[in-house]
file target_36.cif (mmCIF, C-alpha atoms)
data_my_file
#
loop_
_atom_site.label_atom_id
_atom_site.label_comp_id
_atom_site.auth_asym_id
_atom_site.auth_seq_id
_atom_site.Cartn_x
_atom_site.Cartn_y
_atom_site.Cartn_z
CA MET A 1 -26.66 -3.71 4.64
CA GLU A 2 -25.72 -7.19 3.39
CA ALA A 3 -22.57 -9.05 4.39
CA PHE A 4 -20.66 -11.83 2.73
CA SER A 5 -17.99 -13.62 4.76
CA PHE A 6 -15.49 -16.18 3.62
CA THR A 7 -11.95 -17.43 4.25
CA GLY A 8 -9.16 -16.52 1.86
CA LEU A 9 -5.39 -16.02 2.03
CA GLY A 10 -5.58 -17.84 5.34
CA THR A 11 -7.69 -15.17 7.02
CA LYS A 12 -11.30 -14.09 7.42
CA TRP A 13 -12.86 -11.73 4.90
CA SER A 14 -16.06 -9.75 5.12
CA VAL A 15 -17.63 -7.71 2.35
CA LEU A 16 -20.40 -5.33 3.36
CA VAL A 17 -22.57 -3.84 0.66
CA ASP A 18 -25.23 -1.22 1.13
CA ALA A 19 -27.74 -3.08 -1.02
CA GLU A 20 -30.81 -5.25 -0.57
CA SER A 21 -29.08 -8.48 -1.45
CA PHE A 22 -25.68 -9.87 -2.27
CA GLN A 23 -25.65 -11.14 -5.83
CA LYS A 24 -24.68 -14.79 -6.18
CA GLU A 25 -22.52 -13.99 -9.20
CA LEU A 26 -20.63 -11.36 -7.21
CA LYS A 27 -19.86 -13.85 -4.46
CA HIS A 28 -18.60 -16.31 -7.04
CA SER A 29 -16.45 -13.64 -8.70
CA ILE A 30 -14.88 -12.65 -5.38
CA LEU A 31 -14.16 -16.23 -4.31
CA CYS A 32 -12.62 -17.09 -7.67
CA TYR A 33 -10.38 -14.02 -7.63
CA VAL A 34 -9.11 -14.53 -4.08
CA GLU A 35 -8.45 -18.23 -4.71
CA ASP A 36 -6.59 -17.41 -7.91
CA PHE A 37 -4.58 -14.71 -6.12
CA GLU A 38 -3.58 -17.16 -3.41
CA ASN A 39 -2.54 -19.78 -5.95
CA ARG A 40 -0.36 -17.24 -7.71
CA PHE A 41 1.25 -15.41 -4.83
CA SER A 42 1.17 -17.48 -1.64
CA ARG A 43 4.62 -18.55 -0.60
CA PHE A 44 3.10 -21.56 1.11
CA LEU A 45 1.99 -23.02 -2.20
CA PRO A 46 4.90 -24.59 -4.10
CA GLN A 47 3.45 -23.90 -7.55
CA SER A 48 2.95 -20.16 -6.94
CA GLU A 49 4.82 -17.50 -8.86
CA VAL A 50 6.76 -16.36 -5.78
CA ASN A 51 8.20 -19.88 -5.60
CA ALA A 52 8.94 -20.15 -9.31
CA PHE A 53 12.62 -19.34 -8.89
CA ARG A 54 13.54 -21.75 -6.12
CA GLU A 55 15.63 -23.86 -8.45
CA SER A 56 16.68 -21.09 -10.83
CA SER A 57 20.24 -20.19 -11.63
CA ALA A 58 21.54 -16.63 -11.81
CA GLY A 59 20.06 -14.67 -14.67
CA GLU A 60 17.30 -12.46 -15.98
CA TYR A 61 13.70 -13.70 -16.00
CA SER A 62 10.30 -12.53 -17.19
CA VAL A 63 7.56 -12.23 -14.60
CA SER A 64 3.84 -11.50 -14.78
CA ARG A 65 2.61 -7.91 -14.83
CA GLU A 66 1.19 -8.17 -11.32
CA PHE A 67 4.29 -9.80 -9.88
CA LEU A 68 6.34 -7.03 -11.45
CA GLN A 69 4.09 -4.48 -9.69
CA PHE A 70 4.74 -6.18 -6.37
CA LEU A 71 8.47 -6.34 -6.92
CA THR A 72 8.54 -2.69 -7.96
CA VAL A 73 6.87 -1.52 -4.76
CA ALA A 74 8.96 -3.99 -2.74
CA ASP A 75 12.07 -2.46 -4.26
CA LYS A 76 10.91 1.01 -3.16
CA LEU A 77 10.36 -0.29 0.35
CA ARG A 78 13.75 -1.94 0.31
CA VAL A 79 15.35 1.41 -0.50
CA LEU A 80 13.26 3.39 2.00
CA THR A 81 14.13 0.95 4.78
CA SER A 82 17.82 0.75 3.83
CA GLY A 83 17.45 -2.92 3.03
CA VAL A 84 15.80 -3.92 6.28
CA TYR A 85 12.66 -4.90 4.38
CA ASP A 86 13.27 -7.44 1.65
CA PRO A 87 10.75 -9.92 0.22
CA ALA A 88 13.64 -12.34 -0.28
CA VAL A 89 13.36 -12.90 3.47
CA ALA A 90 11.40 -16.04 2.57
CA THR A 91 14.61 -17.76 1.55
CA LEU A 92 16.41 -16.51 4.63
CA LEU A 93 13.69 -17.79 6.93
CA GLU A 94 13.60 -21.17 5.31
CA ASN A 95 17.36 -21.47 5.37
CA ALA A 96 17.07 -20.87 9.09
CA GLY A 97 14.31 -23.38 9.63
CA TYR A 98 11.04 -21.49 9.28
CA GLY A 99 8.72 -23.98 7.68
CA ALA A 100 11.37 -26.65 7.59
CA LYS A 101 12.75 -29.11 10.08
CA GLU A 102 15.64 -27.11 11.40
CA ASN A 103 15.72 -25.00 14.54
CA ILE A 104 14.37 -21.45 14.24
CA ARG A 105 16.87 -20.24 16.83
CA SER A 106 19.64 -20.85 14.38
CA LEU A 107 18.46 -17.78 12.47
CA ALA A 108 20.36 -15.48 14.78
CA GLU A 109 23.33 -17.77 14.85
CA ARG A 110 23.73 -17.90 11.11
CA GLU A 111 25.46 -14.63 10.47
CA ASN A 112 26.65 -15.93 7.15
CA THR A 113 23.24 -16.96 5.93
CA HIS A 114 23.07 -15.83 2.33
CA LEU A 115 20.24 -13.47 1.47
CA PRO A 116 19.57 -13.92 -2.24
CA VAL A 117 20.17 -10.78 -4.26
CA TRP A 118 17.56 -9.58 -6.72
CA SER A 119 16.89 -6.47 -8.75
CA LEU A 120 14.71 -5.27 -11.59
CA SER A 121 15.98 -4.46 -15.02
CA GLY A 122 13.12 -2.91 -16.94
CA ASP A 123 10.36 -5.48 -16.74
CA LYS A 124 12.74 -8.34 -15.98
CA LEU A 125 13.71 -9.89 -12.65
CA VAL A 126 17.43 -10.34 -12.15
CA ILE A 127 18.57 -12.86 -9.51
CA ASP A 128 21.90 -14.21 -8.34
CA GLY A 129 20.62 -17.75 -7.86
CA PRO A 130 17.75 -19.68 -6.27
CA ILE A 131 15.31 -17.37 -4.52
CA ALA A 132 11.82 -17.36 -3.01
CA PHE A 133 9.75 -14.29 -2.24
CA ASP A 134 7.38 -13.45 0.60
CA LEU A 135 4.85 -10.78 -0.36
CA GLY A 136 3.52 -10.57 3.19
CA GLY A 137 2.90 -6.92 4.01
CA ILE A 138 2.26 -5.81 0.46
CA GLY A 139 0.15 -8.51 -1.18
CA LYS A 140 -3.09 -8.58 0.76
CA GLY A 141 -3.84 -4.87 0.42
CA TYR A 142 -3.56 -5.23 -3.34
CA CYS A 143 -5.96 -8.18 -3.26
CA ILE A 144 -8.46 -6.18 -1.16
CA ASP A 145 -8.49 -3.39 -3.76
CA ARG A 146 -9.09 -5.87 -6.58
CA VAL A 147 -12.01 -7.38 -4.66
CA ALA A 148 -13.38 -3.86 -4.23
CA GLU A 149 -13.17 -3.39 -8.01
CA ARG A 150 -15.27 -6.50 -8.49
CA VAL A 151 -17.87 -5.27 -6.02
CA ARG A 152 -18.04 -1.98 -7.86
CA SER A 153 -18.28 -3.69 -11.25
CA PHE A 154 -21.48 -5.38 -10.06
CA GLY A 155 -23.09 -1.99 -9.51
CA CYS A 156 -22.49 -1.65 -5.77
CA GLU A 157 -21.45 1.92 -5.06
CA HIS A 158 -21.38 1.74 -1.28
CA PHE A 159 -19.37 -0.99 0.39
CA LEU A 160 -16.60 -2.02 2.75
CA VAL A 161 -14.15 -4.83 1.96
CA ASP A 162 -12.38 -6.21 5.02
CA GLY A 163 -9.58 -8.68 4.40
CA GLY A 164 -8.45 -9.93 7.80
CA GLY A 165 -8.53 -6.52 9.46
CA ASP A 166 -7.16 -4.43 6.58
CA MET A 167 -9.85 -2.75 4.55
CA VAL A 168 -11.03 -0.33 1.93
CA ALA A 169 -14.36 1.48 2.03
CA THR A 170 -16.51 3.93 0.13
CA THR A 171 -19.13 5.84 2.08
CA LYS A 172 -22.41 4.37 3.23
CA ALA A 173 -25.45 4.95 1.01
CA ASP A 174 -26.45 7.99 3.09
CA GLY A 175 -23.03 9.54 2.54
CA SER A 176 -21.77 8.94 6.05
CA PRO A 177 -18.39 7.28 6.67
CA TYR A 178 -17.77 3.84 8.14
CA ARG A 179 -16.76 4.14 11.78
CA ILE A 180 -13.73 1.95 12.41
CA ALA A 181 -11.93 1.19 15.66
CA VAL A 182 -8.18 0.59 15.36
CA GLU A 183 -7.12 -2.19 17.68
CA TYR A 184 -4.39 -1.46 20.21
CA PRO A 185 -1.45 -3.77 19.42
CA GLY A 186 -1.60 -6.83 21.61
CA LYS A 187 -4.84 -5.79 23.32
CA LEU A 188 -7.67 -7.56 21.58
CA ASP A 189 -10.44 -5.77 23.50
CA THR A 190 -8.99 -2.26 23.30
CA ALA A 191 -9.13 0.43 20.64
CA ALA A 192 -6.34 2.98 20.18
CA SER A 193 -8.09 5.20 17.67
CA LEU A 194 -11.44 5.76 16.01
CA ILE A 195 -11.55 6.54 12.31
CA ASN A 196 -14.27 7.76 10.02
CA LEU A 197 -13.31 5.78 6.94
CA SER A 198 -14.59 7.21 3.69
CA ASN A 199 -13.18 6.37 0.25
CA GLN A 200 -9.91 5.28 1.85
CA GLY A 201 -7.86 2.23 2.66
CA LEU A 202 -6.78 1.28 6.18
CA ALA A 203 -4.16 -1.27 7.20
CA VAL A 204 -2.95 -2.42 10.58
CA SER A 205 0.00 -4.59 11.49
CA ASP A 206 1.44 -5.78 14.76
CA SER A 207 4.03 -8.18 16.05
CA PHE A 208 1.69 -10.10 18.31
CA ARG A 209 -0.53 -12.07 16.00
CA ARG A 210 2.04 -14.28 14.40
CA ARG A 211 4.47 -15.37 17.05
CA PHE A 212 6.41 -18.45 17.92
CA GLY A 213 8.24 -18.28 21.21
CA LYS A 214 10.13 -14.99 21.30
CA TRP A 215 9.90 -14.62 17.54
CA HIS A 216 7.38 -12.96 15.28
CA HIS A 217 7.02 -12.77 11.52
CA LEU A 218 8.48 -9.29 10.93
CA ILE A 219 12.15 -9.98 10.39
CA ASP A 220 14.94 -7.44 10.00
CA VAL A 221 16.98 -9.10 7.26
CA GLN A 222 20.03 -7.01 8.10
CA LYS A 223 20.15 -8.00 11.77
CA LYS A 224 18.58 -11.39 11.07
CA LYS A 225 16.15 -11.08 13.94
CA PRO A 226 12.62 -9.79 14.55
CA VAL A 227 11.96 -6.05 14.66
CA GLU A 228 11.88 -4.89 18.28
CA GLN A 229 11.37 -1.13 18.36
CA VAL A 230 7.92 -1.07 16.74
CA ILE A 231 5.17 -3.29 18.10
CA GLY A 232 2.36 -2.16 15.86
CA CYS A 233 1.19 0.44 13.40
CA ALA A 234 -1.78 1.61 11.39
CA ALA A 235 -1.90 3.51 8.12
CA LEU A 236 -4.54 5.40 6.17
CA ALA A 237 -4.13 5.89 2.44
CA GLU A 238 -6.13 6.30 -0.73
CA ASN A 239 -6.49 2.53 -1.06
CA ALA A 240 -5.77 -0.64 0.89
CA TRP A 241 -2.61 -1.49 -1.06
CA MET A 242 -0.85 1.78 -0.30
CA ALA A 243 -1.96 1.54 3.35
CA ASP A 244 -0.61 -2.02 3.52
CA CYS A 245 2.73 -0.99 2.00
CA MET A 246 2.92 1.92 4.42
CA THR A 247 2.60 -0.35 7.45
CA SER A 248 5.46 -2.49 6.13
CA GLY A 249 7.59 0.61 5.74
CA LEU A 250 6.71 1.85 9.22
CA PHE A 251 7.78 -1.41 10.78
CA PHE A 252 11.14 -1.56 9.10
CA ALA A 253 12.21 2.05 8.51
CA PRO A 254 13.79 4.35 11.10
CA VAL A 255 11.61 7.16 12.38
CA THR A 256 13.62 9.65 10.34
CA LYS A 257 12.36 8.00 7.14
CA TYR A 258 8.67 8.29 8.04
CA PRO A 259 8.20 11.58 6.14
CA LEU A 260 9.61 9.90 3.02
CA LEU A 261 7.22 7.00 3.47
CA THR A 262 4.36 9.45 3.92
CA ARG A 263 5.18 11.06 0.60
CA GLU A 264 5.84 7.80 -1.25
CA PHE A 265 2.56 6.17 -0.25
CA ASN A 266 0.54 9.35 0.37
CA ALA A 267 -0.42 7.92 3.73
CA GLU A 268 -0.90 8.95 7.36
CA TYR A 269 0.10 6.79 10.28
CA LEU A 270 0.07 5.71 13.90
CA VAL A 271 3.15 3.86 15.13
CA PHE A 272 3.21 2.08 18.47
CA GLN A 273 6.66 1.66 19.93
CA SER A 274 7.81 -0.90 22.44
CA ASP A 275 8.51 1.82 25.04
CA GLY A 276 4.82 2.75 25.16
CA THR A 277 4.97 5.91 23.08
CA THR A 278 3.04 6.39 19.88
CA PHE A 279 4.04 8.46 16.89
CA VAL A 280 1.16 10.14 15.11
CA SER A 281 1.55 11.81 11.74
CA ALA A 282 0.30 15.37 11.56
CA GLY A 283 -2.40 14.40 9.08
CA TRP A 284 -3.82 11.45 11.00
CA SER A 285 -7.56 12.08 10.94
CA GLY A 286 -8.59 9.53 13.54
CA GLU A 287 -9.56 10.26 17.11
CA LEU A 288 -6.92 9.11 19.60
CA LEU A 289 -8.30 7.22 22.61
CA MET B 290 9.16 19.78 -10.22
CA PHE B 291 8.42 22.25 -7.46
CA GLN B 292 9.42 19.69 -4.81
CA ILE B 293 12.73 19.08 -6.60
CA LYS B 294 13.44 22.77 -6.98
CA LYS B 295 12.66 23.41 -3.37
CA GLY B 296 14.86 20.50 -2.32
CA VAL B 297 17.76 21.79 -4.36
CA LEU B 298 17.15 25.25 -2.99
CA LEU B 299 17.19 23.91 0.56
CA VAL B 300 20.47 22.08 0.01
CA ALA B 301 22.01 25.16 -1.58
CA VAL B 302 20.94 27.38 1.29
CA VAL B 303 22.26 24.92 3.87
CA ILE B 304 25.61 24.80 2.11
CA VAL B 305 25.84 28.58 1.91
CA VAL B 306 24.80 29.10 5.52
CA SER B 307 27.14 26.31 6.66
CA ALA B 308 30.03 27.89 4.83
CA PHE B 309 29.17 31.24 6.35
CA ALA B 310 28.95 29.74 9.82
CA TYR B 311 32.22 27.91 9.35
CA TYR B 312 33.93 31.06 8.17
CA GLU B 313 32.47 33.17 10.91
CA TYR B 314 32.91 30.92 13.88
CA ALA B 315 35.41 28.23 13.06
CA VAL B 316 38.00 29.60 10.63
CA LYS B 317 38.47 32.89 12.43
CA ILE B 318 38.84 31.24 15.79
CA LEU B 319 41.28 28.62 14.64
CA GLN B 320 43.30 30.97 12.47
CA ILE B 321 46.98 30.82 13.36
CA ASN B 322 49.42 33.62 13.01
CA LYS B 323 51.97 32.35 10.50
CA SER B 324 54.39 35.25 10.74
CA ASP B 325 57.96 34.55 11.70
CA ASP B 326 57.47 36.25 14.98
CA VAL B 327 55.89 33.44 16.77
CA VAL B 328 53.25 34.80 19.00
CA PRO B 329 51.30 32.44 21.12
CA VAL B 330 47.74 32.29 19.89
CA VAL B 331 45.01 31.57 22.29
CA VAL B 332 42.27 29.59 20.61
CA THR B 333 39.07 30.57 22.26
CA PRO B 334 36.16 28.22 21.56
CA LEU B 335 32.68 29.62 21.27
CA THR B 336 31.13 29.81 24.66
CA GLN B 337 27.64 29.29 23.42
CA GLU B 338 25.81 28.05 20.39
CA LYS B 339 25.05 30.49 17.61
CA LYS B 340 22.23 30.82 15.17
CA VAL B 341 22.64 32.07 11.64
CA SER B 342 19.92 32.41 9.07
CA ALA B 343 19.22 33.16 5.45
CA VAL B 344 16.10 33.89 3.47
CA ALA B 345 15.33 32.07 0.24
CA THR B 346 12.70 33.14 -2.22
CA TYR B 347 10.98 30.69 -4.52
CA MET B 348 7.90 30.40 -6.69
CA ALA B 349 5.30 28.58 -4.61
CA THR B 350 3.00 28.43 -7.60
CA GLU B 351 3.32 29.72 -11.15
CA ASP B 352 2.21 33.19 -10.15
CA LYS B 353 2.94 33.35 -6.43
CA GLU B 354 6.28 34.07 -4.87
CA ASP B 355 7.01 32.86 -1.38
CA SER B 356 9.97 33.07 0.94
CA LEU B 357 11.38 30.91 3.69
CA ARG B 358 13.93 31.63 6.36
CA PHE B 359 16.38 28.85 7.10
CA VAL B 360 17.85 29.08 10.59
CA VAL B 361 20.98 27.06 11.31
CA THR B 362 22.14 26.45 14.86
CA VAL B 363 25.89 25.96 15.32
CA ASP B 364 27.36 24.50 18.48
CA THR B 365 30.57 25.55 20.21
CA ASN B 366 32.60 23.34 17.87
CA GLY B 367 31.13 24.92 14.79
CA ILE B 368 28.98 21.91 14.05
CA ILE B 369 25.45 22.40 12.81
CA THR B 370 23.07 20.97 15.34
CA ASN B 371 19.72 22.10 14.03
CA LEU B 372 18.05 23.44 10.93
CA ALA B 373 14.69 25.15 11.15
CA THR B 374 12.53 26.34 8.29
CA LEU B 375 10.36 29.36 9.02
CA ASP B 376 8.00 31.54 7.05
CA ALA B 377 10.15 34.61 6.32
CA LYS B 378 7.26 36.99 6.92
CA THR B 379 5.73 35.58 10.08
CA GLY B 380 8.67 33.73 11.62
CA GLN B 381 6.41 30.75 12.19
CA VAL B 382 6.72 27.21 10.88
CA PRO B 383 4.76 27.21 7.61
CA GLU B 384 1.56 25.24 8.02
CA LYS B 385 2.07 23.31 4.80
CA LYS B 386 5.43 22.02 6.01
CA VAL B 387 4.18 20.66 9.28
CA SER B 388 2.98 17.40 7.78
CA PHE B 389 6.40 16.78 6.27
CA ASN B 390 8.50 17.91 9.16
CA GLU B 391 6.65 16.93 12.23
CA GLN B 392 4.95 14.09 13.93
CA VAL B 393 3.58 14.02 17.39
CA SER B 394 4.74 11.64 20.07
CA VAL B 395 1.91 10.79 22.42
CA MET B 396 0.89 8.24 25.01
CA ILE B 397 -2.31 6.43 24.08
CA LYS B 398 -4.07 4.45 26.77
CA GLY B 399 -6.76 3.06 24.54
CA LYS B 400 -10.40 2.42 25.27
CA LYS B 401 -12.34 -0.79 25.70
CA LEU B 402 -14.12 -1.73 22.50
CA SER B 403 -17.20 -2.49 24.57
CA GLU B 404 -17.34 1.17 25.62
CA LEU B 405 -17.43 2.44 22.05
CA THR B 406 -20.70 2.94 20.27
CA ALA B 407 -21.78 2.71 16.65
CA ILE B 408 -18.68 0.90 15.46
CA ASP B 409 -18.95 -0.64 12.00
CA ASN B 410 -15.73 -2.62 12.07
CA VAL B 411 -12.40 -3.15 13.82
CA ALA B 412 -9.07 -2.82 12.04
CA LYS B 413 -6.68 -5.39 13.38
CA SER B 414 -3.78 -7.47 12.25
CA SER B 415 -4.52 -10.70 10.46
CA LEU B 416 -4.85 -13.81 12.50
CA THR B 417 -2.32 -16.51 11.95
CA THR B 418 -2.74 -18.21 8.62
CA LYS B 419 -3.49 -21.89 8.37
CA ALA B 420 -0.16 -22.42 6.70
CA PHE B 421 1.64 -20.68 9.52
CA ASN B 422 -0.29 -22.68 12.05
CA GLY B 423 0.92 -25.75 10.26
CA VAL B 424 4.51 -25.11 11.24
CA ILE B 425 4.06 -23.28 14.53
CA ASP B 426 3.75 -26.37 16.69
CA GLU B 427 6.82 -27.79 15.09
CA LEU B 428 8.71 -24.57 15.79
CA LYS B 429 7.50 -24.37 19.37
CA ALA B 430 8.69 -27.89 19.98
CA GLN B 431 12.19 -26.85 19.00
CA LEU B 432 12.38 -23.82 21.30
#

call {"tool": "encode", "arguments": {"input": "target_36.cif", "output": "structure tokens"}}
result
Amino acid sequence: MEAFSFTGLGTKWSVLVDAESFQKELKHSILCYVEDFENRFSRFLPQSEVNAFRESSAGEYSVSREFLQFLTVADKLRVLTSGVYDPAVATLLENAGYGAKENIRSLAERENTHLPVWSLSGDKLVIDGPIAFDLGGIGKGYCIDRVAERVRSFGCEHFLVDGGGDMVATTKADGSPYRIAVEYPGKLDTAASLINLSNQGLAVSDSFRRRFGKWHHLIDVQKKKPVEQVIGCAALAENAWMADCMTSGLFFAPVTKYPLLTREFNAEYLVFQSDGTTFVSAGWSGELL
Amino acid sequence: MFQIKKGVLLVAVVIVVSAFAYYEYAVKILQINKSDDVVPVVVTPLTQEKKVSAVATYMATEDKEDSLRFVVTVDTNGIITNLATLDAKTGQVPEKKVSFNEQVSVMIKGKKLSELTAIDNVAKSSLTTKAFNGVIDELKAQL
């Protein structure tokens, strides 16, 4: 088993291949793709596509095929969460001081903060004025799957691609699954579940890793404050992207919408609530610890 | 197509059963004698909740017919408080519907990673990005 580790999208990646060596060309291909992906879709890079409409006036705009895919799935999540999830949160956060010089506490105080309105009309993006997008929660899973495609295109049939804790895996060369521990939210040394991952994607999200004071990065755009009821979740799906999207939905949707999310993303889930209880979907295949 | 048909069927059955329940338990109770001879009418609310049910038949597959029993629970005010879907033959919740209808609420204590054996990897949330770290100190200073 050979491993290749690198940093991309601001997090640690590890690609395990069940082969004698890791081809130099494959490493180069992976690094180039992840760097290109970051340049195109990171909201922290001013020239990226998600920041292309910061100065735009209201109107209809063409976007790249991949960006359209992201916006399409983001629109589904927006509907499924009754507008609580919205990638336009980037603008809202910045208006409130996230990444700027103003005070983050003003986020809750600014009831009249304008959340830019966007929609899709065919393959066009329609906006009501300047807007920036944050693809956090749906972008990385997509990137993981594309890296997996590159690994496969180099003849590796058995591998695991881990992008900062979210992952996609085939089986090992002997046909056995990868044995994955799901971290308990907020407890770095504790596992909540054990999964035999085999030709599936797995994503995990919690509200502990990216915090500042009492705030974390998962913002309810309707209430203009961080999500409080859910502290973490994990999702299993046919690929990393769907698992990643599922975790975003689980964080922002009410419990009554979970069956709809399950059907939309064909995923199973674990949801950790702030009161200590955990919701487990009937099809969750992992062992609970 | 099957999902849509079943959804429509479910809505239709709920409407029919609701109407039946309303007629049976609400309209009759609240009915007022409108004759000229005014007779005091005592409106007696239901003393306990009621359950009404209906069976719906549908094509589970192209060549297989299946049937479900929808059970509606009505409270003392005639308001539907619960809807259960049962296999019409066995009276049990159909196995294939469990994944859609139910989730389990459990308490998970967790287990130390050091106590687990043969782990290939750990699924965890991403660490803070460099970009985020870039503004976090600034944000902290303002809190």

call {"tool": "residues_around", "arguments": {"input": "target_36.cif", "residues": "Phe252 (chain A)", "least_positions_apart": "2", "cutoff": "7 Å", "atoms": "only C-alpha atoms", "output": "list in words"}}
result
Thr81, Val84, Tyr85, Ser248, Gly249, Leu250 and Pro254 of chain A

call {"tool": "closest_residue", "arguments": {"input": "target_36.cif", "among": "A:Glu238, A:Asp128, A:Glu38, A:Asp86", "to": "chain B", "atoms": "all atoms listed in the file"}}
result
A:Glu38

call {"tool": "residues_near_point", "arguments": {"input": "target_36.cif", "point": "(-16.5, -13.6, -5.4)", "cutoff": "10 Å", "atoms": "only C-alpha atoms", "output": "ChimeraX atom specification"}}
result
/A:4,6,15,23-35,147,150-151

call {"tool": "write_last_selection", "arguments": {"input": "target_36.cif", "atoms": "C-alpha atoms", "output": "compact mmCIF listing (two decimals), in the frame of the given file"}}
result
# COMPACT_ATOMS: atom_id res chain seq x y z
CA PHE A 4 -20.66 -11.83 2.73
CA PHE A 6 -15.49 -16.18 3.62
CA VAL A 15 -17.63 -7.71 2.35
CA GLN A 23 -25.65 -11.14 -5.83
CA LYS A 24 -24.68 -14.79 -6.18
CA GLU A 25 -22.52 -13.99 -9.20
CA LEU A 26 -20.63 -11.36 -7.21
CA LYS A 27 -19.86 -13.85 -4.46
CA HIS A 28 -18.60 -16.31 -7.04
CA SER A 29 -16.45 -13.64 -8.70
CA ILE A 30 -14.88 -12.65 -5.38
CA LEU A 31 -14.16 -16.23 -4.31
CA CYS A 32 -12.62 -17.09 -7.67
CA TYR A 33 -10.38 -14.02 -7.63
CA VAL A 34 -9.11 -14.53 -4.08
CA GLU A 35 -8.45 -18.23 -4.71
CA VAL A 147 -12.01 -7.38 -4.66
CA ARG A 150 -15.27 -6.50 -8.49
CA VAL A 151 -17.87 -5.27 -6.02

call {"tool": "resolve_selection", "arguments": {"input": "target_36.cif", "expression": "the PyMOL selection byres ((chain A) within 7 of (chain B))", "output": "PyMOL selection string"}}
result
chain A and resi 10-11+44+99+103-104+164-166+178-184+189-192+204-206+209-210+212-213+259+276-283+288-289

call {"tool": "write_last_selection", "arguments": {"input": "target_36.cif", "atoms": "C-alpha atoms", "output": "PDB file, in the coordinates of the input"}}
result
ATOM      1  CA  GLY A  10      -5.580 -17.840   5.340  1.00  0.00           C
ATOM      2  CA  THR A  11      -7.690 -15.170   7.020  1.00  0.00           C
ATOM      3  CA  PHE A  44       3.100 -21.560   1.110  1.00  0.00           C
ATOM      4  CA  GLY A  99       8.720 -23.980   7.680  1.00  0.00           C
ATOM      5  CA  ASN A 103      15.720 -25.000  14.540  1.00  0.00           C
ATOM      6  CA  ILE A 104      14.370 -21.450  14.240  1.00  0.00           C
ATOM      7  CA  GLY A 164      -8.450  -9.930   7.800  1.00  0.00           C
ATOM      8  CA  GLY A 165      -8.530  -6.520   9.460  1.00  0.00           C
ATOM      9  CA  ASP A 166      -7.160  -4.430   6.580  1.00  0.00           C
ATOM     10  CA  TYR A 178     -17.770   3.840   8.140  1.00  0.00           C
ATOM     11  CA  ARG A 179     -16.760   4.140  11.780  1.00  0.00           C
ATOM     12  CA  ILE A 180     -13.730   1.950  12.410  1.00  0.00           C
ATOM     13  CA  ALA A 181     -11.930   1.190  15.660  1.00  0.00           C
ATOM     14  CA  VAL A 182      -8.180   0.590  15.360  1.00  0.00           C
ATOM     15  CA  GLU A 183      -7.120  -2.190  17.680  1.00  0.00           C
ATOM     16  CA  TYR A 184      -4.390  -1.460  20.210  1.00  0.00           C
ATOM     17  CA  ASP A 189     -10.440  -5.770  23.500  1.00  0.00           C
ATOM     18  CA  THR A 190      -8.990  -2.260  23.300  1.00  0.00           C
ATOM     19  CA  ALA A 191      -9.130   0.430  20.640  1.00  0.00           C
ATOM     20  CA  ALA A 192      -6.340   2.980  20.180  1.00  0.00           C
ATOM     21  CA  VAL A 204      -2.950  -2.420  10.580  1.00  0.00           C
ATOM     22  CA  SER A 205       0.000  -4.590  11.490  1.00  0.00           C
ATOM     23  CA  ASP A 206       1.440  -5.780  14.760  1.00  0.00           C
ATOM     24  CA  ARG A 209      -0.530 -12.070  16.000  1.00  0.00           C
ATOM     25  CA  ARG A 210       2.040 -14.280  14.400  1.00  0.00           C
ATOM     26  CA  PHE A 212       6.410 -18.450  17.920  1.00  0.00           C
ATOM     27  CA  GLY A 213       8.240 -18.280  21.210  1.00  0.00           C
ATOM     28  CA  PRO A 259       8.200  11.580   6.140  1.00  0.00           C
ATOM     29  CA  GLY A 276       4.820   2.750  25.160  1.00  0.00           C
ATOM     30  CA  THR A 277       4.970   5.910  23.080  1.00  0.00           C
ATOM     31  CA  THR A 278       3.040   6.390  19.880  1.00  0.00           C
ATOM     32  CA  PHE A 279       4.040   8.460  16.890  1.00  0.00           C
ATOM     33  CA  VAL A 280       1.160  10.140  15.110  1.00  0.00           C
ATOM     34  CA  SER A 281       1.550  11.810  11.740  1.00  0.00           C
ATOM     35  CA  ALA A 282       0.300  15.370  11.560  1.00  0.00           C
ATOM     36  CA  GLY A 283      -2.400  14.400   9.080  1.00  0.00           C
ATOM     37  CA  LEU A 288      -6.920   9.110  19.600  1.00  0.00           C
ATOM     38  CA  LEU A 289      -8.300   7.220  22.610  1.00  0.00           C
TER      39      LEU A 289
END

call {"tool": "atom_distance", "arguments": {"input": "target_36.cif", "atom1": "CA of Lys124 (chain A)", "atom2": "CA of Ala52 (chain A)"}}
result
14.1 Å

call {"tool": "atom_distance", "arguments": {"input": "target_36.cif", "atom1": "CA of Ile144 (chain A)", "atom2": "CA of Ala240 (chain A)"}}
result
6.5 Å

call {"tool": "atom_distance", "arguments": {"input": "target_36.cif", "atom1": "CA of Thr171 (chain A)", "atom2": "CA of Asn199 (chain A)"}}
result
6.2 Å

call {"tool": "residues_around", "arguments": {"input": "target_36.cif", "residues": "Ser14 (chain A)", "least_positions_apart": "6", "cutoff": "9 Å", "atoms": "all atoms listed in the file", "output": "list in words"}}
result
Ala3, Phe4, Ser5, Phe6, Thr7, Leu160, Val161, Asp162, Gly163 and Gly164 of chain A

call {"tool": "closest_residue", "arguments": {"input": "target_36.cif", "among": "A:Met246, A:Leu80, A:Ile131, A:Val17", "to": "Phe53 (chain A)", "atoms": "all atoms listed in the file"}}
result
A:Ile131
